[in-house]
Structure formats: structure tokens, C-alpha cells
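Pasting data_37.cif here (mmCIF, C-alpha atoms):
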```cif
data_final
#
loop_
_atom_site.label_atom_id
_atom_site.label_comp_id
_atom_site.auth_asym_id
_atom_site.auth_seq_id
_atom_site.Cartn_x
_atom_site.Cartn_y
_atom_site.Cartn_z
CA MET A 1 -63.42 -140.72 36.23
CA ASN A 2 -62.38 -144.06 34.82
CA TYR A 3 -58.67 -144.93 34.99
CA ILE A 4 -57.26 -147.75 32.86
CA ASP A 5 -53.80 -149.33 32.76
CA SER A 6 -51.24 -148.91 29.97
CA ARG A 7 -52.17 -152.10 28.12
CA GLU A 8 -55.88 -151.29 27.97
CA PHE A 9 -55.11 -147.67 27.13
CA LEU A 10 -52.97 -148.70 24.14
CA ASP A 11 -55.50 -151.27 22.97
CA LYS A 12 -58.29 -148.70 23.01
CA SER A 13 -56.12 -146.14 21.21
CA ALA A 14 -56.57 -148.18 18.03
CA SER A 15 -60.06 -146.68 17.73
CA ILE A 16 -60.10 -143.76 20.20
CA SER A 17 -57.94 -140.64 19.97
CA ILE A 18 -55.38 -139.89 22.67
CA ILE A 19 -55.09 -136.39 24.10
CA ASP A 20 -51.73 -135.65 25.72
CA VAL A 21 -52.23 -132.61 27.95
CA ARG A 22 -48.56 -132.15 28.88
CA SER A 23 -46.65 -129.07 27.78
CA PRO A 24 -45.29 -128.82 24.21
CA GLY A 25 -41.73 -129.39 25.45
CA GLU A 26 -42.69 -132.57 27.30
CA TYR A 27 -44.55 -133.83 24.24
CA LEU A 28 -41.62 -133.07 21.93
CA THR A 29 -39.20 -135.00 24.13
CA GLY A 30 -41.36 -138.10 23.87
CA HIS A 31 -45.01 -139.06 23.42
CA ILE A 32 -47.23 -142.02 22.73
CA PRO A 33 -47.24 -142.47 18.94
CA GLY A 34 -50.43 -141.05 17.49
CA ALA A 35 -51.23 -138.92 20.54
CA HIS A 36 -52.49 -135.37 19.95
CA ASN A 37 -50.99 -132.62 22.08
CA ILE A 38 -53.57 -130.30 23.64
CA PRO A 39 -51.39 -128.76 26.36
CA LEU A 40 -53.08 -127.49 29.46
CA PHE A 41 -50.11 -125.15 29.97
CA THR A 42 -47.34 -123.77 27.80
CA ASP A 43 -43.82 -124.67 28.89
CA GLU A 44 -43.45 -121.30 30.61
CA GLU A 45 -46.84 -121.57 32.33
CA ARG A 46 -46.03 -125.06 33.57
CA LYS A 47 -42.78 -123.79 35.04
CA LYS A 48 -44.56 -120.95 36.85
CA VAL A 49 -47.28 -123.23 38.27
CA GLY A 50 -44.67 -125.74 39.44
CA THR A 51 -42.56 -123.07 41.11
CA LEU A 52 -45.62 -121.61 42.83
CA TYR A 53 -46.63 -125.07 44.09
CA LYS A 54 -43.23 -125.52 45.74
CA ARG A 55 -43.21 -122.06 47.27
CA SER A 56 -46.84 -121.48 48.24
CA GLY A 57 -48.60 -124.83 48.09
CA ARG A 58 -51.41 -126.44 46.14
CA LYS A 59 -54.11 -123.81 46.56
CA GLU A 60 -52.08 -120.96 45.07
CA SER A 61 -50.76 -123.09 42.23
CA VAL A 62 -54.31 -124.22 41.36
CA ARG A 63 -55.45 -120.60 41.25
CA LYS A 64 -52.59 -119.69 38.92
CA GLY A 65 -53.36 -122.74 36.77
CA LEU A 66 -56.99 -121.67 36.43
CA GLU A 67 -55.84 -118.18 35.50
CA PHE A 68 -53.80 -119.67 32.65
CA THR A 69 -56.32 -122.27 31.45
CA GLY A 70 -59.61 -120.44 31.87
CA PRO A 71 -59.43 -118.44 28.63
CA LYS A 72 -58.33 -121.55 26.73
CA MET A 73 -61.24 -123.80 27.71
CA PRO A 74 -63.43 -123.13 24.66
CA ASP A 75 -60.48 -123.92 22.41
CA PHE A 76 -59.82 -127.17 24.30
CA ILE A 77 -63.40 -128.23 23.60
CA ASP A 78 -63.16 -127.25 19.93
CA GLN A 79 -59.98 -129.29 19.48
CA ALA A 80 -61.49 -132.27 21.28
CA GLU A 81 -64.57 -132.08 19.04
CA LYS A 82 -62.36 -132.66 15.99
CA LEU A 83 -60.70 -135.71 17.53
CA ALA A 84 -63.50 -137.50 19.39
CA ALA A 85 -64.90 -140.60 17.72
CA LYS A 86 -68.45 -141.12 18.98
CA GLY A 87 -67.69 -138.65 21.74
CA LYS A 88 -64.94 -140.79 23.31
CA LEU A 89 -61.41 -139.71 24.20
CA LEU A 90 -58.35 -141.05 26.03
CA VAL A 91 -56.51 -138.51 28.19
CA HIS A 92 -53.17 -138.52 29.95
CA CYS A 93 -50.58 -136.25 31.53
CA TRP A 94 -47.21 -137.07 33.14
CA ARG A 95 -48.29 -138.92 36.31
CA GLY A 96 -52.03 -139.24 35.78
CA GLY A 97 -52.78 -136.43 38.20
CA MET A 98 -54.22 -132.94 38.19
CA ARG A 99 -53.62 -131.95 34.58
CA SER A 100 -55.34 -134.96 33.00
CA GLU A 101 -58.12 -134.85 35.61
CA ALA A 102 -58.73 -131.17 34.92
CA MET A 103 -58.94 -131.73 31.16
CA ALA A 104 -61.15 -134.79 31.58
CA TRP A 105 -63.48 -132.85 33.93
CA LEU A 106 -63.82 -130.07 31.36
CA LEU A 107 -64.41 -132.43 28.45
CA GLU A 108 -66.91 -134.58 30.34
CA THR A 109 -68.75 -131.42 31.39
CA ALA A 110 -68.93 -130.60 27.67
CA GLY A 111 -70.46 -134.01 26.94
CA PHE A 112 -67.46 -136.18 26.04
CA SER A 113 -66.66 -139.55 27.58
CA CYS A 114 -63.05 -139.74 28.82
CA GLU A 115 -60.83 -142.49 30.17
CA LEU A 116 -57.54 -141.63 31.85
CA LEU A 117 -54.20 -143.42 31.79
CA SER A 118 -53.44 -144.68 35.29
CA GLY A 119 -50.01 -143.41 36.28
CA GLY A 120 -49.86 -141.25 33.16
CA TYR A 121 -47.07 -141.15 30.59
CA LYS A 122 -44.60 -142.21 33.29
CA ALA A 123 -46.45 -145.52 33.72
CA TYR A 124 -46.61 -145.98 29.93
CA ARG A 125 -42.83 -145.55 29.69
CA LYS A 126 -42.30 -148.15 32.41
CA TYR A 127 -44.66 -150.55 30.66
CA ILE A 128 -43.03 -150.34 27.23
CA ARG A 129 -39.50 -150.72 28.60
CA GLU A 130 -40.57 -153.86 30.43
CA ASN A 131 -42.28 -155.24 27.31
CA ILE A 132 -40.10 -153.83 24.54
CA TYR A 133 -39.97 -157.03 22.53
CA ARG A 134 -43.20 -158.52 23.93
CA GLY A 135 -41.63 -161.98 24.31
CA LYS A 136 -41.30 -162.33 20.56
CA LYS A 137 -38.29 -163.94 18.88
CA ILE A 138 -35.85 -161.78 16.95
CA ILE A 139 -33.99 -162.81 13.80
CA VAL A 140 -31.07 -160.56 12.89
CA LEU A 141 -29.92 -159.98 9.31
CA GLY A 142 -26.23 -159.16 9.10
CA GLY A 143 -23.69 -158.48 6.39
CA LEU A 144 -20.84 -156.17 5.49
CA THR A 145 -21.50 -152.50 4.75
CA GLY A 146 -23.19 -152.14 1.37
CA SER A 147 -24.72 -155.63 1.38
CA GLY A 148 -28.16 -154.12 0.90
CA LYS A 149 -29.56 -155.42 4.17
CA THR A 150 -32.18 -152.71 4.53
CA ARG A 151 -33.39 -153.16 0.94
CA LEU A 152 -33.52 -156.90 1.43
CA LEU A 153 -35.56 -156.60 4.61
CA MET A 154 -38.02 -154.27 2.88
CA ASP A 155 -38.39 -156.78 0.03
CA MET A 156 -39.01 -159.52 2.59
CA LYS A 157 -41.63 -157.34 4.24
CA LYS A 158 -43.46 -157.10 0.92
CA LEU A 159 -43.57 -160.91 0.92
CA GLY A 160 -45.30 -160.93 4.30
CA GLU A 161 -42.35 -161.27 6.68
CA PRO A 162 -42.60 -159.26 9.92
CA VAL A 163 -39.80 -156.68 9.71
CA ILE A 164 -38.84 -153.74 11.92
CA ASP A 165 -36.68 -151.13 10.21
CA LEU A 166 -34.54 -149.82 13.08
CA GLU A 167 -32.67 -147.40 10.84
CA GLY A 168 -35.93 -146.10 9.42
CA LEU A 169 -37.25 -145.46 12.94
CA ALA A 170 -33.99 -143.73 13.84
CA ASN A 171 -33.81 -141.67 10.62
CA HIS A 172 -30.19 -142.76 10.32
CA LYS A 173 -28.29 -145.46 8.39
CA GLY A 174 -25.93 -146.21 11.23
CA SER A 175 -22.52 -145.09 9.97
CA ALA A 176 -20.71 -141.74 9.99
CA PHE A 177 -22.51 -141.15 6.68
CA GLY A 178 -25.86 -142.37 7.99
CA GLY A 179 -27.47 -139.02 8.66
CA ILE A 180 -26.89 -137.65 5.16
CA GLY A 181 -30.16 -137.11 3.32
CA GLN A 182 -32.22 -138.10 6.37
CA ASP A 183 -34.78 -136.17 8.41
CA ASP A 184 -33.88 -135.05 11.94
CA GLN A 185 -33.53 -137.93 14.37
CA PRO A 186 -36.09 -138.43 17.11
CA SER A 187 -35.02 -138.42 20.75
CA THR A 188 -33.97 -141.78 22.13
CA GLU A 189 -37.17 -141.71 24.19
CA GLN A 190 -39.34 -141.21 21.11
CA PHE A 191 -37.37 -143.86 19.22
CA GLU A 192 -38.20 -146.33 22.00
CA ASN A 193 -41.88 -145.34 21.88
CA ASN A 194 -42.00 -145.81 18.11
CA LEU A 195 -40.12 -149.10 18.33
CA PHE A 196 -42.56 -150.49 20.87
CA ARG A 197 -45.48 -149.55 18.64
CA GLU A 198 -43.90 -151.48 15.76
CA VAL A 199 -43.26 -154.56 17.88
CA ASP A 200 -46.72 -154.35 19.43
CA SER A 201 -48.37 -154.37 16.00
CA ILE A 202 -46.73 -157.63 14.89
CA VAL A 203 -49.01 -160.65 15.13
CA GLN A 204 -46.35 -163.29 14.40
CA GLU A 205 -44.20 -164.73 17.17
CA TYR A 206 -41.00 -163.45 15.57
CA PHE A 207 -39.69 -160.52 13.58
CA TRP A 208 -36.60 -159.48 11.60
CA VAL A 209 -34.22 -156.62 12.31
CA GLU A 210 -30.96 -155.49 10.76
CA ASP A 211 -27.73 -156.03 12.67
CA GLU A 212 -26.95 -152.74 14.39
CA SER A 213 -24.70 -151.23 17.03
CA LEU A 214 -26.28 -150.15 20.31
CA ARG A 215 -26.29 -146.59 18.96
CA ILE A 216 -27.80 -145.54 15.64
CA GLY A 217 -26.65 -142.00 15.06
CA LYS A 218 -27.57 -140.18 18.26
CA VAL A 219 -30.29 -142.56 19.44
CA PHE A 220 -29.80 -145.74 21.44
CA ILE A 221 -31.58 -149.06 21.08
CA PRO A 222 -33.18 -150.00 24.44
CA GLU A 223 -30.79 -152.25 26.33
CA PRO A 224 -33.25 -155.14 26.87
CA PHE A 225 -34.04 -155.13 23.14
CA TYR A 226 -30.38 -154.94 22.15
CA LYS A 227 -29.44 -157.73 24.55
CA ARG A 228 -32.13 -159.86 22.93
CA MET A 229 -30.65 -159.08 19.50
CA LEU A 230 -27.22 -160.25 20.67
CA GLU A 231 -28.72 -163.52 21.89
CA SER A 232 -30.63 -164.17 18.66
CA ILE A 233 -29.76 -166.01 15.46
CA LEU A 234 -27.90 -163.82 12.99
CA ILE A 235 -28.10 -164.72 9.30
CA PHE A 236 -24.93 -163.28 7.77
CA ILE A 237 -25.30 -162.66 4.05
CA LYS A 238 -22.38 -162.48 1.64
CA VAL A 239 -22.82 -160.64 -1.65
CA SER A 240 -20.40 -159.73 -4.44
CA GLU A 241 -18.10 -156.73 -4.18
CA ALA A 242 -19.65 -155.33 -7.34
CA TYR A 243 -23.11 -155.49 -5.75
CA ARG A 244 -21.89 -153.72 -2.61
CA HIS A 245 -20.32 -150.97 -4.70
CA LYS A 246 -23.56 -150.54 -6.61
CA ILE A 247 -25.62 -150.25 -3.43
CA LEU A 248 -23.37 -147.62 -1.90
CA LEU A 249 -23.09 -145.62 -5.08
CA ASP A 250 -26.89 -145.66 -5.38
CA ASP A 251 -27.22 -144.48 -1.78
CA TYR A 252 -24.59 -141.76 -1.65
CA SER A 253 -23.23 -140.63 -5.02
CA GLY A 254 -26.03 -138.10 -5.43
CA GLU A 255 -25.55 -136.53 -2.01
CA ASP A 256 -23.85 -133.22 -1.21
CA ARG A 257 -20.08 -133.66 -1.62
CA GLU A 258 -19.25 -131.41 1.32
CA LEU A 259 -21.44 -133.51 3.62
CA LEU A 260 -19.66 -136.65 2.44
CA ILE A 261 -16.27 -135.03 3.06
CA GLN A 262 -17.36 -133.95 6.54
CA ALA A 263 -18.35 -137.56 7.29
CA ILE A 264 -14.91 -138.75 6.15
CA GLY A 265 -13.40 -136.20 8.53
CA ARG A 266 -15.37 -137.65 11.45
CA ILE A 267 -13.77 -141.07 11.01
CA GLN A 268 -10.30 -139.84 10.03
CA PRO A 269 -8.72 -140.79 13.40
CA ARG A 270 -9.74 -144.41 12.82
CA LEU A 271 -9.53 -144.42 9.04
CA GLY A 272 -6.01 -143.00 8.99
CA GLY A 273 -4.76 -139.71 7.63
CA GLN A 274 -3.60 -140.98 4.25
CA ALA A 275 -6.73 -143.03 3.57
CA ALA A 276 -8.93 -140.10 4.62
CA LYS A 277 -7.00 -137.78 2.30
CA LEU A 278 -7.37 -140.16 -0.67
CA ALA A 279 -11.09 -140.70 0.01
CA THR A 280 -11.65 -136.94 0.28
CA GLU A 281 -9.81 -136.29 -2.98
CA ALA A 282 -11.84 -139.01 -4.70
CA VAL A 283 -15.12 -137.44 -3.55
CA ARG A 284 -14.00 -133.96 -4.61
CA SER A 285 -13.13 -135.23 -8.09
CA GLY A 286 -16.39 -137.17 -8.37
CA ASP A 287 -14.64 -140.56 -8.34
CA TYR A 288 -17.08 -142.09 -5.88
CA LEU A 289 -16.14 -145.69 -6.64
CA ASP A 290 -12.57 -145.12 -5.48
CA ALA A 291 -13.88 -143.44 -2.34
CA VAL A 292 -16.19 -146.40 -1.67
CA LYS A 293 -13.34 -148.90 -2.02
CA ILE A 294 -11.14 -146.97 0.42
CA LEU A 295 -13.91 -146.62 2.98
CA LEU A 296 -15.03 -150.24 2.72
CA ASP A 297 -11.58 -151.42 3.76
CA TYR A 298 -12.11 -149.60 7.05
CA TYR A 299 -15.76 -150.54 7.52
CA ASP A 300 -15.17 -154.22 6.73
CA LYS A 301 -12.48 -154.51 9.40
CA THR A 302 -14.70 -152.72 11.90
CA TYR A 303 -17.74 -154.91 11.18
CA MET A 304 -15.77 -158.18 11.24
CA PHE A 305 -14.23 -157.22 14.58
CA SER A 306 -17.72 -156.60 15.96
CA LEU A 307 -18.99 -159.86 14.45
CA GLY A 308 -16.14 -161.75 16.07
CA ARG A 309 -17.35 -160.68 19.51
CA LYS A 310 -20.78 -162.23 19.01
CA ASN A 311 -21.76 -165.80 19.88
CA GLN A 312 -20.45 -167.68 16.83
CA LYS A 313 -22.94 -170.51 17.39
CA ASN A 314 -25.76 -168.10 16.52
CA ILE A 315 -24.21 -166.89 13.25
CA ILE A 316 -25.51 -168.62 10.12
CA PRO A 317 -23.66 -167.72 6.88
CA LEU A 318 -25.62 -167.40 3.65
CA ASP A 319 -23.66 -166.93 0.43
CA LEU A 320 -25.69 -164.94 -2.10
CA THR A 321 -22.72 -164.11 -4.34
CA ASP A 322 -23.93 -166.12 -7.31
CA ALA A 323 -27.67 -165.79 -6.68
CA PRO A 324 -29.84 -163.49 -8.81
CA GLU A 325 -30.67 -160.30 -6.92
CA ASN A 326 -34.42 -160.83 -7.20
CA HIS A 327 -34.06 -164.20 -5.44
CA PHE A 328 -32.34 -162.79 -2.35
CA PRO A 329 -35.56 -162.41 -0.31
CA ASP A 330 -36.74 -165.94 -1.02
CA LEU A 331 -33.36 -167.44 -0.15
CA VAL A 332 -33.19 -165.62 3.19
CA ILE A 333 -36.77 -166.59 4.06
CA ASN A 334 -36.04 -170.19 3.08
CA ILE A 335 -33.03 -170.46 5.36
CA LYS A 336 -35.12 -169.01 8.17
CA THR A 337 -37.76 -171.67 7.57
CA THR A 338 -35.11 -174.40 7.54
CA LEU A 339 -33.43 -173.19 10.72
CA LEU A 340 -36.48 -172.34 12.75
CA GLY A 341 -38.97 -174.81 11.38
CA GLU A 342 -41.95 -173.81 9.31
CA ASN A 343 -44.29 -174.23 12.27
CA ASN A 344 -41.86 -173.32 15.04
CA ASN A 345 -40.86 -169.67 14.74
CA SER A 346 -38.26 -169.77 17.46
CA THR A 347 -34.75 -168.41 17.66
CA GLN A 348 -33.46 -170.30 20.69
#
```
Would you encode the structure as C-alpha cells?
Amino acid sequence: MNYIDSREFLDKSASISIIDVRSPGEYLTGHIPGAHNIPLFTDEERKKVGTLYKRSGRKESVRKGLEFTGPKMPDFIDQAEKLAAKGKLLVHCWRGGMRSEAMAWLLETAGFSCELLSGGYKAYRKYIRENIYRGKKIIVLGGLTGSGKTRLLMDMKKLGEPVIDLEGLANHKGSAFGGIGQDDQPSTEQFENNLFREVDSIVQEYFWVEDESLRIGKVFIPEPFYKRMLESILIFIKVSEAYRHKILLDDYSGEDRELLIQAIGRIQPRLGGQAAKLATEAVRSGDYLDAVKILLDYYDKTYMFSLGRKNQKNIIPLDLTDAPENHFPDLVINIKTTLLGENNNSTQ
């Protein structure tokens, strides 16, 4: 059997399907993006085999494993047939041991060509955490809540700028209101896996991200990546109050009122009882603009406090107050070009 390291495994996965033979629960917790789960054991079967291994040793656990997998073998081959391009497959388990070897043996017996991930998913996780930003430069786009940073980054992406949407990967907009209208969040582990895939796909020597806290909803940005963000240039955009109000009303005025009120309740200790009461009453009456104004007073103070703790030498202000909205992307890209040099995409 041919074992390959994480880098080669990921490179080959661009054209060859990955089979993850771990249990459904392991796969759900975190998996290589794009991998197909063909579990050798169910979660319960895995638990039984593992317990038997500890109590009675390898021989008895192997026998029990064969008892579980034997009836499934034809189905394994059928599933592999649907995934194999030119008969080739990439296979991995947790440590690159018995489970992946057993599946590869079966599939190769059936005529497929398999390569295994050396060290398994565990080695992959180590590799991506050590290479989470791949030595690329990060440019951070900052601005007060409602500045339209995410929209601006997506417009810049359409113009060819390399952008990673951290909030999109996290399925969360970052505030107490950030989960409203979003799909369920991935695990932090899966968020890291997805983030690495995005970084790994960028061919430029730099990329843009939005200014974020370490935590986005319930997921955490990997510490090496976040540390790199803190060390990077931050372009701080200023837009009009009217524009900020428009952005927030567009984003939230159509959402469930009770969910909005619940979000206000979550920040009440910091917002203050009276402000929370007024914001709640405004939402209940449908006066979303008043609610936005009350909440922005809190969020602006919070953001500016956070901004004040960053390295001020790395913060570059960009006033877009009087600029036409459709020129925002060009102006941000232009200041990047001026600061970093058209042929020197470097942040420090």
C-alpha cells in the first residue's frame, strides 16, 4: 500500500475522491473538506471494537470488526465505484492504521488503486494548524458595525481580489445578532478545516479578511491565524451614519422579531437595562431604525475599545463618507496598492 503525506494527499484530492472511513460521529466533528464518509464501523460498532481491543487484545477486536464489516463489503465497493475517477481513490482513517488499511485492501482487491494518508486525519490536522495561513500576508478590513464590510469584501472579490469570508465560513455575523437567519455553525474543528482549504486555494501572496474577534459565534479562529491578523495592516473604513443604518435595516428588519428581542436580552448586562428596554420596545413596535440607533451606541463603544488595543501603527483610516457606494471597492483596492506597492503584496 502506498502512503503519502498530507501535502501530497491534499494536492491529489483536487482530482481524486477522498474516502474517510472513520465513524459518522468522527466525520461530523471534523473532516477534510470534500471527503466522502464511507464508515467502516458505526459509532456504536467502533465503541464495541475499541472496548474489546482494550479488554481482550487485537485478535478478538479484529474478529469482531470482521463480524461487523463483512456484510457491508459489497456496499463499500458499490459506493467506491460511484466515486472513483479512473479507478483511483484516496483513503484515510484517524491515525492511518487498521481501518484505512482494511478498506484499501478491500478496494484494491476489487480492482481500485488506493493511496493512504500517512498518519491519517490526525496528521492532516497537525499539518493544517502548522500551515494555516501558508506564509501569505493578511490585509484586514475594519469599520464600525454596519459599515458593510462583508458586502464590500464580496464586491472586491468580484474584481479579482483574494478574499476569505470568515463570517461566511462560520455561518455567523459575529455579534449577538449574528446567528439570526444563518445555518447551523460548524464545529471549530471543521471551521479550521474549511478555512485552511480557502487559504490553500489562493494563488496570490496575500488575502483580505474582515476584522473579527477571536470567536465568531461559537467557533474560534485558530490562534496562529488570529495572531497574524492582529499583526497585519488594518484598513479602517468610515462611512456615513445613514449608510450604516441602511445596511443594518437591510440585514435584520425582515427577521423574526422574537429572535431579535432574544439577542437584545443576551447583551442587556452590557447594554444597560434602560437601553435594552427601549430597543426591545422599538423592535416590538416595528421601529427598527430607533432600535438600530440604540444598539449602535453600544456596539460603537465596544468596537472602538477593541480597536484601541491594536497596534495603531498598522491602522490605516479610509474615509468613504462622501464617496459613491459603487466606488467603495475601487477605493479600498487603491489604498492597498498604494500602501503595499503594486508589485510588492506585503503587509509588514
**OP:** For atom CA of Pro224 of chain A and atom CA of Leu144 of chain A, determine how far apart the two atoms are, in Å to one decimal place.
**Re:**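 Computing it gives 24.7 Å between the two atoms.
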Taking all atoms of segment 49-63 of chain A that the file lists, what box with edges along x, y and z, padded by 8 Å per side, do you get, with centre and edge lengths in Å to one decimal, as lines of an AutoDock Vina configuration file?
```
center_x = -49.0
center_y = -123.5
center_z = 43.3
size_x = 28.9
size_y = 21.8
size_z = 26.0
```
Original post:
Counting all atoms listed in the file, which residues come within 10 Å of (-36.1, -157.9, 15.6), with the point read in the file's coordinates, and could you list them as an MDAnalysis selection string?
Top reply: chainID A and resid 133 136:141 162:166 199 206:211 225:226 228:229 232
Find the residues near Leu249 of chain A: any atom within 8 Å, counting only C-alpha atoms, skip ones fewer than 5 places away on the same chain, and give them as a JSON list (two decimals) with C-alpha atoms, keeping the file's coordinate frame.
```
[["chain", "number", "residue", "atom", "x", "y", "z"],
["A", 288, "TYR", "CA", -17.08, -142.09, -5.88],
["A", 289, "LEU", "CA", -16.14, -145.69, -6.64],
["A", 292, "VAL", "CA", -16.19, -146.40, -1.67]]
```
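Restricting the calculation to only C-alpha atoms, the smallest distance between Pro222 of chain A and any of A:Leu195, A:Ile335, A:Ala279, A:Ile18 is found for A:Leu195.
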Original post:
atom CA of Tyr124 of chain A and atom CA of Ser6 of chain A, how far apart in Å?
Top reply: 5.5 Å
**OP:** Report as a list in words the residues that result from applying the PyMOL selection byres ((chain A and resi 188) around 12) to the structure here.
**Re:**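 That expression, the PyMOL selection byres ((chain A and resi 188) around 12), corresponds here to Leu28, Thr29, Gly30, His31, Leu169, Ala170, Asn171, Gln185, Pro186, Ser187, Glu189, Gln190, Phe191, Glu192, Asn193, Asn194, Leu195, Leu214, Arg215, Ile216, Gly217, Lys218, Val219, Phe220, Ile221, Pro222 and Glu223 of chain A.
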Filtering to C-alpha atoms, could you give me those residues as a tab-separated table (two decimals), keeping the file's coordinate frame?
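Listing of part06.tsv after writing:
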```tsv
chain	number	residue	atom	x	y	z
A	28	LEU	CA	-41.62	-133.07	21.93
A	29	THR	CA	-39.20	-135.00	24.13
A	30	GLY	CA	-41.36	-138.10	23.87
A	31	HIS	CA	-45.01	-139.06	23.42
A	169	LEU	CA	-37.25	-145.46	12.94
A	170	ALA	CA	-33.99	-143.73	13.84
A	171	ASN	CA	-33.81	-141.67	10.62
A	185	GLN	CA	-33.53	-137.93	14.37
A	186	PRO	CA	-36.09	-138.43	17.11
A	187	SER	CA	-35.02	-138.42	20.75
A	189	GLU	CA	-37.17	-141.71	24.19
A	190	GLN	CA	-39.34	-141.21	21.11
A	191	PHE	CA	-37.37	-143.86	19.22
A	192	GLU	CA	-38.20	-146.33	22.00
A	193	ASN	CA	-41.88	-145.34	21.88
A	194	ASN	CA	-42.00	-145.81	18.11
A	195	LEU	CA	-40.12	-149.10	18.33
A	214	LEU	CA	-26.28	-150.15	20.31
A	215	ARG	CA	-26.29	-146.59	18.96
A	216	ILE	CA	-27.80	-145.54	15.64
A	217	GLY	CA	-26.65	-142.00	15.06
A	218	LYS	CA	-27.57	-140.18	18.26
A	219	VAL	CA	-30.29	-142.56	19.44
A	220	PHE	CA	-29.80	-145.74	21.44
A	221	ILE	CA	-31.58	-149.06	21.08
A	222	PRO	CA	-33.18	-150.00	24.44
A	223	GLU	CA	-30.79	-152.25	26.33
```
Could you rebuild segment 13-28 of chain A with N, CA and C atoms and give it back as a CSV table (one decimal), keeping the file's coordinate frame?
```
chain,number,residue,atom,x,y,z
A,13,SER,N,-56.6,-147.2,22.1
A,13,SER,CA,-56.1,-146.1,21.2
A,13,SER,C,-56.2,-146.5,19.7
A,14,ALA,N,-56.4,-147.8,19.4
A,14,ALA,CA,-56.6,-148.2,18.0
A,14,ALA,C,-57.8,-147.6,17.4
A,15,SER,N,-58.8,-147.2,18.3
A,15,SER,CA,-60.1,-146.7,17.7
A,15,SER,C,-60.5,-145.4,18.4
A,16,ILE,N,-59.8,-145.0,19.5
A,16,ILE,CA,-60.1,-143.8,20.2
A,16,ILE,C,-58.9,-142.9,20.2
A,17,SER,N,-59.1,-141.6,20.0
A,17,SER,CA,-57.9,-140.6,20.0
A,17,SER,C,-57.4,-140.4,21.4
A,18,ILE,N,-56.1,-140.2,21.4
A,18,ILE,CA,-55.4,-139.9,22.7
A,18,ILE,C,-55.1,-138.4,22.7
A,19,ILE,N,-55.4,-137.8,23.9
A,19,ILE,CA,-55.1,-136.4,24.1
A,19,ILE,C,-54.0,-136.4,25.2
A,20,ASP,N,-52.9,-135.8,24.8
A,20,ASP,CA,-51.7,-135.6,25.7
A,20,ASP,C,-51.8,-134.2,26.2
A,21,VAL,N,-52.0,-134.0,27.5
A,21,VAL,CA,-52.2,-132.6,28.0
A,21,VAL,C,-50.9,-132.0,28.5
A,22,ARG,N,-49.8,-132.7,28.4
A,22,ARG,CA,-48.6,-132.2,28.9
A,22,ARG,C,-48.1,-131.0,28.0
A,23,SER,N,-47.1,-130.3,28.5
A,23,SER,CA,-46.6,-129.1,27.8
A,23,SER,C,-46.0,-129.5,26.4
A,24,PRO,N,-45.9,-128.5,25.5
A,24,PRO,CA,-45.3,-128.8,24.2
A,24,PRO,C,-43.9,-129.4,24.3
A,25,GLY,N,-43.1,-128.9,25.3
A,25,GLY,CA,-41.7,-129.4,25.4
A,25,GLY,C,-41.7,-130.8,25.9
A,26,GLU,N,-42.6,-131.2,26.8
A,26,GLU,CA,-42.7,-132.6,27.3
A,26,GLU,C,-43.1,-133.5,26.1
A,27,TYR,N,-44.1,-133.0,25.4
A,27,TYR,CA,-44.6,-133.8,24.2
A,27,TYR,C,-43.4,-134.0,23.2
A,28,LEU,N,-42.7,-133.0,22.9
A,28,LEU,CA,-41.6,-133.1,21.9
A,28,LEU,C,-40.5,-134.0,22.3
```
